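> Data file entry-v6.txt (compact mmCIF, C-alpha atoms) is appended below.
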```txt
# COMPACT_ATOMS: atom_id res chain seq x y z
CA MET A 1 3.98 -12.49 31.04
CA ASP A 2 3.69 -15.32 33.61
CA ASP A 3 6.62 -17.50 34.64
CA ALA A 4 5.71 -20.49 32.49
CA VAL A 5 5.68 -18.36 29.34
CA GLY A 6 8.83 -16.62 30.47
CA SER A 7 10.80 -19.82 30.89
CA ARG A 8 9.51 -21.29 27.60
CA LEU A 9 10.49 -18.11 25.84
CA ALA A 10 13.95 -18.24 27.46
CA GLU A 11 14.32 -21.78 26.22
CA LEU A 12 12.87 -21.29 22.75
CA TRP A 13 14.01 -17.86 21.66
CA PRO A 14 17.15 -18.95 19.76
CA TYR A 15 15.01 -21.32 17.69
CA LEU A 16 12.33 -18.67 17.15
CA LEU A 17 14.83 -16.03 16.11
CA GLN A 18 16.67 -18.39 13.79
CA THR A 19 13.46 -19.48 12.06
CA LEU A 20 12.22 -15.90 11.74
CA LEU A 21 15.50 -14.65 10.31
CA LEU A 22 15.33 -17.45 7.76
CA GLY A 23 11.91 -16.11 6.82
CA ALA A 24 13.27 -12.57 6.71
CA GLY A 25 15.84 -13.75 4.17
CA THR A 26 13.04 -15.07 1.95
CA THR A 27 11.15 -11.79 2.41
CA VAL A 28 14.18 -9.81 1.21
CA PHE A 29 14.68 -12.17 -1.72
CA LEU A 30 11.01 -11.86 -2.73
CA THR A 31 11.23 -8.07 -2.47
CA ILE A 32 14.35 -7.73 -4.60
CA ALA A 33 13.23 -10.21 -7.26
CA SER A 34 9.79 -8.56 -7.54
CA LEU A 35 11.38 -5.12 -7.61
CA LEU A 36 13.58 -6.10 -10.57
CA VAL A 37 10.56 -7.43 -12.50
CA ALA A 38 8.58 -4.29 -11.65
CA ILE A 39 11.37 -1.92 -12.71
CA ALA A 40 11.99 -3.67 -16.03
CA LEU A 41 8.33 -4.00 -16.98
CA GLY A 42 7.47 -0.58 -15.55
CA PHE A 43 10.10 1.03 -17.76
CA VAL A 44 8.71 -0.72 -20.85
CA LEU A 45 5.18 0.42 -19.93
CA ALA A 46 6.36 4.00 -19.42
CA LEU A 47 7.96 4.01 -22.87
CA MET A 48 4.81 2.50 -24.39
CA ARG A 49 2.73 5.31 -22.90
CA ARG A 50 5.11 7.93 -24.23
CA SER A 51 5.23 6.45 -27.73
CA ASP A 52 3.16 7.91 -30.55
CA ASN A 53 1.74 4.48 -31.28
CA LEU A 54 -1.89 4.62 -30.12
CA ILE A 55 -2.24 0.86 -29.74
CA LEU A 56 0.87 0.49 -27.57
CA GLY A 57 -0.19 3.48 -25.49
CA GLY A 58 -3.70 2.10 -25.15
CA ILE A 59 -2.49 -1.32 -24.03
CA ALA A 60 -0.26 0.27 -21.40
CA ARG A 61 -3.17 2.38 -20.10
CA VAL A 62 -5.54 -0.57 -19.83
CA TYR A 63 -2.83 -2.59 -18.08
CA LEU A 64 -2.27 0.23 -15.64
CA GLU A 65 -5.94 0.69 -14.77
CA ILE A 66 -6.56 -3.01 -14.27
CA PHE A 67 -3.56 -3.62 -12.03
CA ARG A 68 -4.04 -0.46 -9.99
CA ASN A 69 -7.72 -1.05 -9.27
CA VAL A 70 -7.68 -4.70 -8.20
CA PRO A 71 -6.21 -5.84 -4.84
CA ILE A 72 -2.77 -7.44 -5.03
CA LEU A 73 -4.10 -10.38 -2.99
CA THR A 74 -6.71 -11.09 -5.69
CA GLN A 75 -4.00 -10.91 -8.34
CA LEU A 76 -1.84 -13.35 -6.39
CA PHE A 77 -4.73 -15.79 -6.00
CA ILE A 78 -5.50 -15.64 -9.73
CA LEU A 79 -1.86 -16.45 -10.52
CA TYR A 80 -1.43 -19.11 -7.87
CA PHE A 81 -4.79 -20.86 -7.46
CA GLY A 82 -6.48 -19.74 -10.69
CA LEU A 83 -3.82 -20.64 -13.22
CA ALA A 84 -3.36 -24.03 -11.57
CA ARG A 85 -6.80 -24.95 -12.88
CA LEU A 86 -5.61 -24.33 -16.42
CA GLY A 87 -2.76 -26.74 -15.76
CA ILE A 88 -0.26 -23.92 -15.28
CA THR A 89 1.15 -24.65 -11.84
CA LEU A 90 3.64 -22.06 -10.69
CA PRO A 91 5.70 -22.64 -7.56
CA ALA A 92 4.32 -20.34 -4.85
CA ALA A 93 7.41 -18.12 -4.73
CA THR A 94 7.43 -17.73 -8.53
CA ALA A 95 3.74 -16.82 -8.53
CA ALA A 96 4.40 -14.25 -5.81
CA ILE A 97 7.35 -12.66 -7.61
CA LEU A 98 5.35 -12.54 -10.84
CA GLY A 99 2.30 -11.10 -9.06
CA PHE A 100 4.19 -8.41 -7.15
CA GLY A 101 6.25 -7.67 -10.24
CA LEU A 102 3.27 -7.26 -12.58
CA ASN A 103 1.44 -5.18 -9.99
CA GLY A 104 4.48 -3.05 -9.18
CA ALA A 105 5.14 -2.41 -12.88
CA ALA A 106 1.84 -0.53 -13.08
CA ILE A 107 2.81 1.72 -10.17
CA LEU A 108 6.40 2.27 -11.30
CA SER A 109 5.41 3.01 -14.90
CA GLU A 110 3.64 6.13 -13.61
CA VAL A 111 6.67 7.06 -11.50
CA PHE A 112 9.00 6.65 -14.48
CA ARG A 113 6.69 8.52 -16.83
CA ALA A 114 6.40 11.47 -14.45
CA SER A 115 10.20 11.49 -13.93
CA ILE A 116 10.90 11.54 -17.68
CA ASN A 117 8.29 14.26 -18.17
CA ALA A 118 9.91 16.33 -15.42
CA ILE A 119 13.10 16.70 -17.47
CA ASP A 120 13.08 19.96 -19.37
CA ARG A 121 12.07 19.41 -22.99
CA GLY A 122 14.93 21.55 -24.17
CA GLN A 123 17.34 18.84 -23.01
CA GLY A 124 15.97 16.28 -25.44
CA GLU A 125 15.61 18.84 -28.21
CA ALA A 126 19.18 20.05 -27.78
CA ALA A 127 20.46 16.47 -27.96
CA LEU A 128 18.53 15.93 -31.19
CA ALA A 129 19.82 19.23 -32.57
CA ILE A 130 23.45 18.14 -32.16
CA GLY A 131 22.63 15.03 -34.18
CA MET A 132 21.83 12.36 -31.57
CA THR A 133 19.25 9.75 -32.48
CA PRO A 134 16.07 9.86 -30.33
CA ALA A 135 17.12 6.62 -28.60
CA ARG A 136 20.56 7.97 -27.81
CA ALA A 137 19.16 11.27 -26.57
CA MET A 138 16.90 9.27 -24.24
CA TRP A 139 19.72 7.04 -22.90
CA VAL A 140 22.50 9.56 -22.58
CA ILE A 141 20.71 12.83 -21.80
CA VAL A 142 17.19 12.33 -20.45
CA LEU A 143 17.35 9.06 -18.48
CA PRO A 144 20.39 9.83 -16.31
CA GLN A 145 18.58 12.95 -15.09
CA ALA A 146 15.22 11.20 -14.77
CA VAL A 147 16.73 8.41 -12.65
CA ARG A 148 17.58 10.88 -9.88
CA ILE A 149 14.00 12.14 -9.79
CA ALA A 150 12.61 8.60 -9.87
CA LEU A 151 14.87 7.36 -7.06
CA PRO A 152 12.91 8.53 -3.98
CA PRO A 153 9.46 7.41 -5.19
CA THR A 154 10.95 4.09 -6.31
CA GLY A 155 12.43 3.72 -2.83
CA ASN A 156 9.04 4.38 -1.26
CA PHE A 157 7.54 1.81 -3.58
CA ALA A 158 10.20 -0.71 -2.52
CA ILE A 159 9.30 -0.20 1.15
CA GLY A 160 5.62 -0.79 0.35
CA LEU A 161 6.56 -3.88 -1.63
CA PHE A 162 8.71 -5.18 1.23
CA LYS A 163 5.69 -5.04 3.54
CA ASP A 164 3.27 -6.39 0.93
CA THR A 165 5.34 -9.55 0.44
CA SER A 166 3.77 -10.67 3.75
CA LEU A 167 0.68 -11.45 1.64
CA ALA A 168 2.63 -14.26 -0.03
CA SER A 169 2.11 -16.13 3.26
CA ALA A 170 -1.43 -16.82 1.99
CA ALA A 171 0.14 -18.91 -0.79
CA ALA A 172 2.39 -20.67 1.76
CA VAL A 173 5.61 -18.97 0.63
CA PRO A 174 7.89 -19.49 3.66
CA GLU A 175 8.61 -15.79 4.21
CA LEU A 176 8.58 -13.90 7.50
CA ALA A 177 4.81 -13.70 8.09
CA PHE A 178 4.30 -17.35 7.13
CA ARG A 179 7.09 -18.56 9.43
CA ALA A 180 5.57 -16.49 12.22
CA LYS A 181 2.16 -18.08 11.70
CA MET A 182 3.70 -21.55 11.78
CA LEU A 183 5.69 -20.79 14.94
CA VAL A 184 2.58 -19.40 16.65
CA SER A 185 0.59 -22.56 16.00
CA GLU A 186 3.59 -24.61 17.14
CA THR A 187 4.42 -22.78 20.39
CA TYR A 188 1.38 -20.58 21.19
CA LEU A 189 3.78 -17.74 22.09
CA THR A 190 1.49 -15.50 20.00
CA ASN A 191 2.38 -11.98 21.10
CA GLU A 192 6.04 -12.72 21.71
CA ILE A 193 6.47 -14.02 18.18
CA TYR A 194 4.45 -11.28 16.48
CA LEU A 195 6.35 -8.59 18.36
CA MET A 196 9.65 -10.16 17.27
CA VAL A 197 8.35 -10.14 13.71
CA ALA A 198 7.28 -6.51 13.98
CA ALA A 199 10.76 -5.63 15.24
CA ILE A 200 12.38 -7.46 12.32
CA TYR A 201 10.17 -5.68 9.76
CA LEU A 202 10.82 -2.31 11.43
CA GLY A 203 14.54 -3.00 11.68
CA MET A 204 14.69 -3.42 7.93
CA SER A 205 12.14 -0.85 6.73
CA LEU A 206 13.12 2.13 8.92
CA PRO A 207 16.73 2.42 7.68
CA VAL A 208 15.54 2.27 4.07
CA ALA A 209 12.82 4.85 4.80
CA HIS A 210 15.50 7.07 6.32
CA LEU A 211 17.68 6.75 3.20
CA VAL A 212 14.70 7.55 0.97
CA LYS A 213 13.96 10.68 2.97
CA ARG A 214 17.55 11.83 2.55
CA ALA A 215 17.44 11.11 -1.18
CA GLU A 216 14.18 13.06 -1.38
CA ARG A 217 15.82 16.12 0.12
CA ARG A 218 18.71 15.88 -2.31
CA PHE A 219 17.10 14.86 -5.58
CA THR A 220 13.48 15.99 -5.64
CA PRO A 221 13.19 19.32 -7.40
CA GLN A 222 11.72 21.95 -5.07
CA LYS A 223 8.70 23.69 -6.46
CA ALA A 224 9.16 27.43 -6.81
CA HIS A 225 6.45 29.35 -4.99
CA MET I 226 -20.58 -24.45 -16.50
CA GLY I 227 -19.84 -21.12 -18.16
CA VAL I 228 -18.71 -18.02 -16.34
CA LEU I 229 -22.12 -16.38 -16.78
CA ASP I 230 -23.96 -19.36 -15.28
CA LEU I 231 -21.50 -19.35 -12.42
CA TRP I 232 -22.06 -15.61 -11.89
CA GLU I 233 -25.83 -16.16 -11.81
CA MET I 234 -25.38 -18.78 -9.09
CA ILE I 235 -22.96 -16.97 -6.84
CA ARG I 236 -24.10 -13.39 -7.45
CA PRO I 237 -26.24 -12.96 -4.32
CA GLU I 238 -23.45 -14.17 -2.05
CA LEU I 239 -20.84 -12.02 -3.77
CA LEU I 240 -23.00 -8.89 -3.64
CA THR I 241 -23.58 -9.40 0.08
CA ALA I 242 -19.84 -9.84 0.58
CA ALA I 243 -19.13 -6.73 -1.50
CA LEU I 244 -21.37 -4.80 0.86
CA ALA I 245 -19.31 -6.09 3.81
CA THR I 246 -16.14 -4.98 1.99
CA LEU I 247 -17.60 -1.49 1.58
CA GLN I 248 -18.58 -1.35 5.25
CA LEU I 249 -15.13 -2.50 6.25
CA ALA I 250 -13.45 0.16 4.10
CA LEU I 251 -15.80 2.90 5.26
CA GLY I 252 -15.43 2.02 8.95
CA ALA I 253 -11.65 1.93 8.67
CA LEU I 254 -11.61 5.21 6.71
CA LEU I 255 -13.69 7.00 9.34
CA LEU I 256 -11.49 5.72 12.16
CA GLY I 257 -8.39 6.66 10.16
CA LEU I 258 -9.67 10.17 9.35
CA VAL I 259 -10.39 11.00 13.00
CA LEU I 260 -7.29 9.40 14.51
CA GLY I 261 -5.10 10.71 11.69
CA LEU I 262 -6.22 14.29 12.38
CA LEU I 263 -5.45 13.88 16.10
CA LEU I 264 -2.00 12.51 15.24
CA ALA I 265 -1.30 15.40 12.84
CA LEU I 266 -2.37 17.97 15.43
CA ALA I 267 -0.21 16.23 18.03
CA ARG I 268 2.79 16.47 15.70
CA LEU I 269 2.22 20.12 14.85
CA GLY I 270 1.01 21.27 18.28
CA GLY I 271 3.58 22.64 20.69
CA ASN I 272 3.81 19.68 23.09
CA PRO I 273 7.10 17.82 22.36
CA LEU I 274 6.07 14.65 24.21
CA LEU I 275 2.79 14.29 22.27
CA GLY I 276 4.63 15.12 19.05
CA ARG I 277 7.17 12.38 19.69
CA LEU I 278 4.53 9.80 20.58
CA ALA I 279 2.62 10.58 17.39
CA GLY I 280 5.86 10.29 15.43
CA ILE I 281 6.61 6.86 16.91
CA TYR I 282 3.06 5.69 16.20
CA ILE I 283 3.39 6.74 12.56
CA GLU I 284 6.79 5.08 12.10
CA ILE I 285 5.62 1.79 13.63
CA PHE I 286 2.41 1.56 11.64
CA ARG I 287 4.06 2.57 8.38
CA GLY I 288 7.08 0.34 8.96
CA THR I 289 5.24 -2.97 9.44
CA PRO I 290 2.83 -4.87 7.16
CA ALA I 291 -0.91 -4.32 7.63
CA LEU I 292 -1.27 -8.11 7.72
CA LEU I 293 0.95 -8.31 10.80
CA GLN I 294 -1.04 -5.53 12.48
CA LEU I 295 -4.23 -7.48 11.85
CA PHE I 296 -2.63 -10.64 13.27
CA ILE I 297 -1.60 -8.81 16.43
CA ILE I 298 -5.03 -7.23 16.94
CA TYR I 299 -6.98 -10.40 16.17
CA PHE I 300 -4.78 -13.26 17.46
CA GLY I 301 -2.37 -11.38 19.70
CA LEU I 302 -4.93 -9.46 21.75
CA ALA I 303 -7.09 -12.60 22.01
CA ALA I 304 -4.14 -14.36 23.64
CA ILE I 305 -4.22 -11.80 26.45
CA GLY I 306 -8.00 -11.96 26.77
CA VAL I 307 -9.07 -9.03 24.55
CA THR I 308 -11.26 -10.58 21.88
CA PHE I 309 -12.75 -8.92 18.82
CA SER I 310 -14.76 -10.42 16.01
CA SER I 311 -12.68 -10.71 12.85
CA PHE I 312 -14.73 -7.89 11.30
CA GLN I 313 -14.12 -5.58 14.28
CA ALA I 314 -10.42 -6.47 14.31
CA ALA I 315 -10.21 -5.66 10.59
CA VAL I 316 -11.90 -2.25 10.98
CA ILE I 317 -9.63 -1.38 13.91
CA GLY I 318 -6.45 -2.69 12.27
CA LEU I 319 -7.00 -1.11 8.87
CA GLY I 320 -8.20 2.10 10.55
CA LEU I 321 -5.13 2.38 12.82
CA ASN I 322 -2.95 1.68 9.79
CA ALA I 323 -4.69 4.28 7.59
CA ALA I 324 -4.42 6.85 10.40
CA ALA I 325 -0.62 6.77 10.12
CA TYR I 326 -0.75 7.62 6.42
CA LEU I 327 -3.57 10.15 6.83
CA ALA I 328 -1.66 11.93 9.62
CA GLU I 329 1.19 12.68 7.21
CA ILE I 330 -1.29 13.86 4.58
CA TYR I 331 -3.02 16.19 7.05
CA ARG I 332 0.33 17.49 8.22
CA ALA I 333 1.38 18.36 4.67
CA GLY I 334 -2.02 19.99 4.15
CA LEU I 335 -1.84 22.06 7.33
CA GLU I 336 1.73 23.13 6.57
CA ALA I 337 0.65 24.22 3.08
CA VAL I 338 -1.56 26.98 4.55
CA PRO I 339 0.57 30.15 4.73
CA LYS I 340 1.46 31.31 8.27
CA GLY I 341 0.09 34.79 7.53
CA GLN I 342 -3.40 33.31 7.52
CA THR I 343 -3.07 32.18 11.13
CA GLU I 344 -1.42 35.42 12.20
CA ALA I 345 -4.11 37.53 10.55
CA ALA I 346 -6.87 35.50 12.19
CA GLN I 347 -5.22 35.82 15.60
CA ALA I 348 -4.76 39.53 15.01
CA ILE I 349 -8.50 40.02 14.63
CA GLY I 350 -9.00 38.23 17.95
CA MET I 351 -9.87 34.63 17.05
CA THR I 352 -9.03 31.89 19.55
CA ARG I 353 -6.68 29.05 18.55
CA GLY I 354 -9.62 26.70 18.10
CA GLN I 355 -11.45 29.19 15.91
CA VAL I 356 -8.37 29.78 13.77
CA LEU I 357 -8.03 26.04 13.22
CA ALA I 358 -11.71 25.39 12.53
CA TRP I 359 -12.55 28.41 10.37
CA ILE I 360 -9.29 29.49 8.72
CA VAL I 361 -6.70 26.71 8.53
CA LEU I 362 -8.68 23.47 8.18
CA PRO I 363 -10.97 24.65 5.33
CA GLN I 364 -7.93 25.72 3.31
CA ALA I 365 -6.00 22.56 4.16
CA LEU I 366 -9.00 20.49 3.10
CA ARG I 367 -8.50 21.47 -0.53
CA VAL I 368 -4.91 20.23 -0.47
CA VAL I 369 -5.68 16.93 1.25
CA LEU I 370 -8.76 15.93 -0.72
CA ALA I 371 -7.01 14.05 -3.54
CA PRO I 372 -4.47 12.25 -1.28
CA ILE I 373 -7.31 11.20 1.03
CA GLY I 374 -9.09 9.84 -2.03
CA ASN I 375 -6.00 7.78 -2.82
CA VAL I 376 -5.94 6.40 0.73
CA ALA I 377 -9.62 5.47 0.36
CA ILE I 378 -8.85 3.52 -2.83
CA SER I 379 -5.94 1.73 -1.15
CA LEU I 380 -8.16 0.90 1.83
CA LEU I 381 -10.84 -0.51 -0.41
CA LYS I 382 -8.27 -2.83 -1.96
CA ASP I 383 -6.55 -3.61 1.36
CA THR I 384 -9.79 -4.83 2.91
CA SER I 385 -8.98 -8.02 0.98
CA VAL I 386 -6.15 -8.61 3.47
CA ALA I 387 -8.82 -8.92 6.19
CA SER I 388 -9.84 -12.22 4.58
CA LEU I 389 -6.61 -13.64 6.00
CA ILE I 390 -8.02 -13.21 9.52
CA ALA I 391 -11.32 -14.62 8.20
CA ALA I 392 -13.23 -11.33 8.15
CA PRO I 393 -16.32 -11.98 5.99
CA ASP I 394 -15.35 -9.78 3.03
CA LEU I 395 -15.41 -10.28 -0.74
CA MET I 396 -12.10 -12.11 -0.83
CA LEU I 397 -13.04 -14.57 1.93
CA ARG I 398 -16.31 -15.36 0.15
CA ALA I 399 -14.29 -15.93 -3.03
CA GLN I 400 -12.09 -18.45 -1.22
CA ASP I 401 -15.13 -20.28 0.17
CA LEU I 402 -16.86 -20.35 -3.20
CA SER I 403 -13.80 -21.55 -5.09
CA SER I 404 -13.38 -24.52 -2.80
CA GLN I 405 -17.11 -25.19 -3.17
CA TYR I 406 -17.27 -24.99 -6.99
CA PHE I 407 -13.64 -25.89 -7.85
CA MET I 408 -13.52 -22.94 -10.24
CA PRO I 409 -10.87 -20.71 -8.64
CA LEU I 410 -9.79 -18.96 -11.85
CA GLU I 411 -13.32 -17.95 -12.83
CA ILE I 412 -14.28 -16.90 -9.31
CA TYR I 413 -11.14 -14.85 -8.62
CA LEU I 414 -11.50 -13.16 -12.01
CA ILE I 415 -15.13 -12.29 -11.22
CA VAL I 416 -14.13 -10.95 -7.81
CA GLY I 417 -11.26 -9.04 -9.38
CA ALA I 418 -13.74 -7.43 -11.76
CA MET I 419 -15.96 -6.52 -8.80
CA TYR I 420 -13.07 -4.81 -6.98
CA PHE I 421 -12.30 -3.01 -10.22
CA ALA I 422 -15.91 -1.84 -10.48
CA LEU I 423 -15.65 -0.42 -6.96
CA CYS I 424 -12.22 1.18 -7.29
CA PHE I 425 -12.08 2.47 -10.85
CA PRO I 426 -14.80 5.16 -10.51
CA LEU I 427 -13.03 6.40 -7.36
CA SER I 428 -9.73 6.51 -9.24
CA LEU I 429 -11.32 8.59 -12.00
CA LEU I 430 -12.80 10.96 -9.43
CA VAL I 431 -9.47 11.44 -7.64
CA ARG I 432 -7.73 12.12 -10.94
CA ARG I 433 -10.31 14.78 -11.79
CA ILE I 434 -9.72 16.50 -8.47
CA GLU I 435 -5.96 16.33 -9.01
CA ARG I 436 -6.22 17.84 -12.47
CA ALA I 437 -8.52 20.61 -11.26
CA GLN I 438 -5.98 21.51 -8.57
CA GLU I 439 -3.07 21.50 -10.98
CA ARG I 440 -4.93 23.97 -13.14
CA ARG I 441 -5.62 26.21 -10.17
CA SER I 442 -2.05 26.32 -8.92
```
Could the structure of this file be written out as structure tokens, please?


Amino acid sequence: MDDAVGSRLAELWPYLLQTLLLGAGTTVFLTIASLLVAIALGFVLALMRRSDNLILGGIARVYLEIFRNVPILTQLFILYFGLARLGITLPAATAAILGFGLNGAAILSEVFRASINAIDRGQGEAALAIGMTPARAMWVIVLPQAVRIALPPTGNFAIGLFKDTSLASAAAVPELAFRAKMLVSETYLTNEIYLMVAAIYLGMSLPVAHLVKRAERRFTPQKAH
Amino acid sequence: MGVLDLWEMIRPELLTAALATLQLALGALLLGLVLGLLLALARLGGNPLLGRLAGIYIEIFRGTPALLQLFIIYFGLAAIGVTFSSFQAAVIGLGLNAAAYLAEIYRAGLEAVPKGQTEAAQAIGMTRGQVLAWIVLPQALRVVLAPIGNVAISLLKDTSVASLIAAPDLMLRAQDLSSQYFMPLEIYLIVGAMYFALCFPLSLLVRRIERAQERRS
């Protein structure tokens, strides 16, 4: 780093950091909002796949295959630029939350399905035998156990989602990556800014990854060899 | 203009771009497979310094967005005089990123081979290299095949991110064409269908491998 860059950085860094942290706040908001949409819709999809109704199960499967085999960026562009042509203009952040939520639901539905399936069948059967309705057996007996199994993979998904929200910068959502791009074209402190951004992403993702690893050790059933 | 007429008009350009997407994914996968194996061996080999460095590499690349990594390799390195074409930067960036994930997959695969296998091979006089090449890696390969397939599918989709550094892939062509024809919905849906046509057969293949392994174990 030469002296000119050094002194500009010394002068500008409070402004850079402040702007980037503002972006980081938007990134966190996008992540949490998308995660909530993904969990709710993913749970519905998992139940649809488990139901005996062939049509519901079929719809859930088709949904899953489409969303898992098309890039999230393409999905975002369809929602943001594509729908605008039909007169449906979504604000960029709304389109991003919807896109990440719809996409995440496909991934989480498989996580939830596998977690429910991992609970011993006898549990559900015993609950029915003592007179619980199927819905009650699901809520009171199966789900509380399944949630523990689903927790680590859902955490891993959340970390992936957190990083993927950077793609919303392509739709001009003022999150971390977008703010960084703007600051770079404003100050030309390219590497300094991107390294700050990398540190901010790492500072948020590593602690969560650490928590997920601990949860994995506690909750994930060990396979008997 | 209907969607089919549009498809007729833009098909040659999209097919060329799809080829670039495939090349991008394949290049990144090859880079990731080689570097990922080196990282896994560094983590499992006895040298603590190499193991630590590999660990830090993996944490950094898994803890930051691929988009940011592409920005640093394309714009950041250019700022200090190291210039790549956007295509090269995309192959390198996506490859370095995939290596971090593949290293963990290899590691799980290598650890899944029982220790007795290594000990038996050493007992009959094989060198460390021979044990790795003839005994451990072939057995680990079976374990890692399906996860590697999943990484390949992710890579194929993630190549779309390279369009954001203007690498000439399917998604960049779609952006050009939609500003040319003012039909973004139709064009992005067509391109989405093309990605699906590339990824879905791979997904089916990976699922078959997974099911075959479940039956075996």

> At a cut-off of 8 Å, list the chain I residues touching chain A, using all atoms listed in the file, as a ChimeraX atom specification.

/I:284-285,288-293,296-297,300-302,304,378,382-383,385-386,389,396,408-411,413-414,416-418,420-421,424-425,428

> Hey, can you check how far CA of Ala324 in chain I sits from CA of Gly271 in chain I?

20.5 Å

> Asn117 in chain A: which residues within 10 Å, counting all atoms listed in the file, same-chain residues fewer than 5 positions away excluded, as a PyMOL selection string?

chain A and resi 50+111-112+142+146

> With only C-alpha atoms counted, which protein, DNA or RNA residues have an atom no more than 8 Å from (-5.5, 4.1, 12.7) in the file frame? Please answer as a PyMOL selection string.

chain I and resi 253+256-257+260-261+317-325

> Could you check how far CA of Leu151 in chain A sits from CA of Leu47 in chain A, in Å to one decimal?

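It comes out at 17.6 Å.
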
> Could you tell me which of I:Ala348, I:Leu275, I:Leu262, I:Leu423 comes closest to Leu366 in chain I if we count only C-alpha atoms?

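For Leu366 in chain I, the nearest of the candidates is I:Leu262.
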
> So that I can see what lies close to Arg136 in chain A, please list as a ChimeraX atom specification the residues with an atom at most 9 Å from it, counting only C-alpha atoms and leaving out residues fewer than 5 positions away in the same chain.

/A:127-128,141

> Could you model N, CA and C atoms for range 62-77 of chain A and present them as a short mmCIF file (atom, residue, chain, number, x, y, z; two decimals), in the frame of the given file?


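Output (part_12.cif):
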```
data_model
loop_
_atom_site.label_atom_id
_atom_site.label_comp_id
_atom_site.auth_asym_id
_atom_site.auth_seq_id
_atom_site.Cartn_x
_atom_site.Cartn_y
_atom_site.Cartn_z
N VAL A 62 -4.60 0.44 -20.33
CA VAL A 62 -5.54 -0.57 -19.83
C VAL A 62 -4.86 -1.42 -18.76
N TYR A 63 -3.60 -1.81 -19.04
CA TYR A 63 -2.83 -2.59 -18.08
C TYR A 63 -2.77 -1.86 -16.74
N LEU A 64 -2.41 -0.59 -16.83
CA LEU A 64 -2.27 0.23 -15.64
C LEU A 64 -3.55 0.28 -14.82
N GLU A 65 -4.67 0.55 -15.50
CA GLU A 65 -5.94 0.69 -14.77
C GLU A 65 -6.34 -0.62 -14.12
N ILE A 66 -6.15 -1.73 -14.84
CA ILE A 66 -6.56 -3.01 -14.27
C ILE A 66 -5.73 -3.33 -13.03
N PHE A 67 -4.41 -3.21 -13.15
CA PHE A 67 -3.56 -3.62 -12.03
C PHE A 67 -3.64 -2.67 -10.85
N ARG A 68 -3.97 -1.40 -11.12
CA ARG A 68 -4.04 -0.46 -9.99
C ARG A 68 -5.38 -0.52 -9.26
N ASN A 69 -6.40 -1.10 -9.88
CA ASN A 69 -7.72 -1.05 -9.27
C ASN A 69 -8.23 -2.42 -8.80
N VAL A 70 -7.32 -3.37 -8.71
CA VAL A 70 -7.68 -4.70 -8.20
C VAL A 70 -6.68 -5.02 -7.08
N PRO A 71 -7.13 -5.57 -5.95
CA PRO A 71 -6.21 -5.84 -4.84
C PRO A 71 -5.10 -6.80 -5.25
N ILE A 72 -3.90 -6.57 -4.73
CA ILE A 72 -2.77 -7.44 -5.03
C ILE A 72 -3.05 -8.87 -4.58
N LEU A 73 -3.81 -9.02 -3.47
CA LEU A 73 -4.10 -10.38 -2.99
C LEU A 73 -4.93 -11.15 -4.03
N THR A 74 -5.90 -10.46 -4.65
CA THR A 74 -6.71 -11.09 -5.69
C THR A 74 -5.82 -11.49 -6.87
N GLN A 75 -4.90 -10.60 -7.23
CA GLN A 75 -4.00 -10.91 -8.34
C GLN A 75 -3.14 -12.14 -8.03
N LEU A 76 -2.65 -12.20 -6.79
CA LEU A 76 -1.84 -13.35 -6.39
C LEU A 76 -2.65 -14.64 -6.47
N PHE A 77 -3.90 -14.59 -6.01
CA PHE A 77 -4.73 -15.79 -6.00
C PHE A 77 -5.07 -16.23 -7.42
#
```
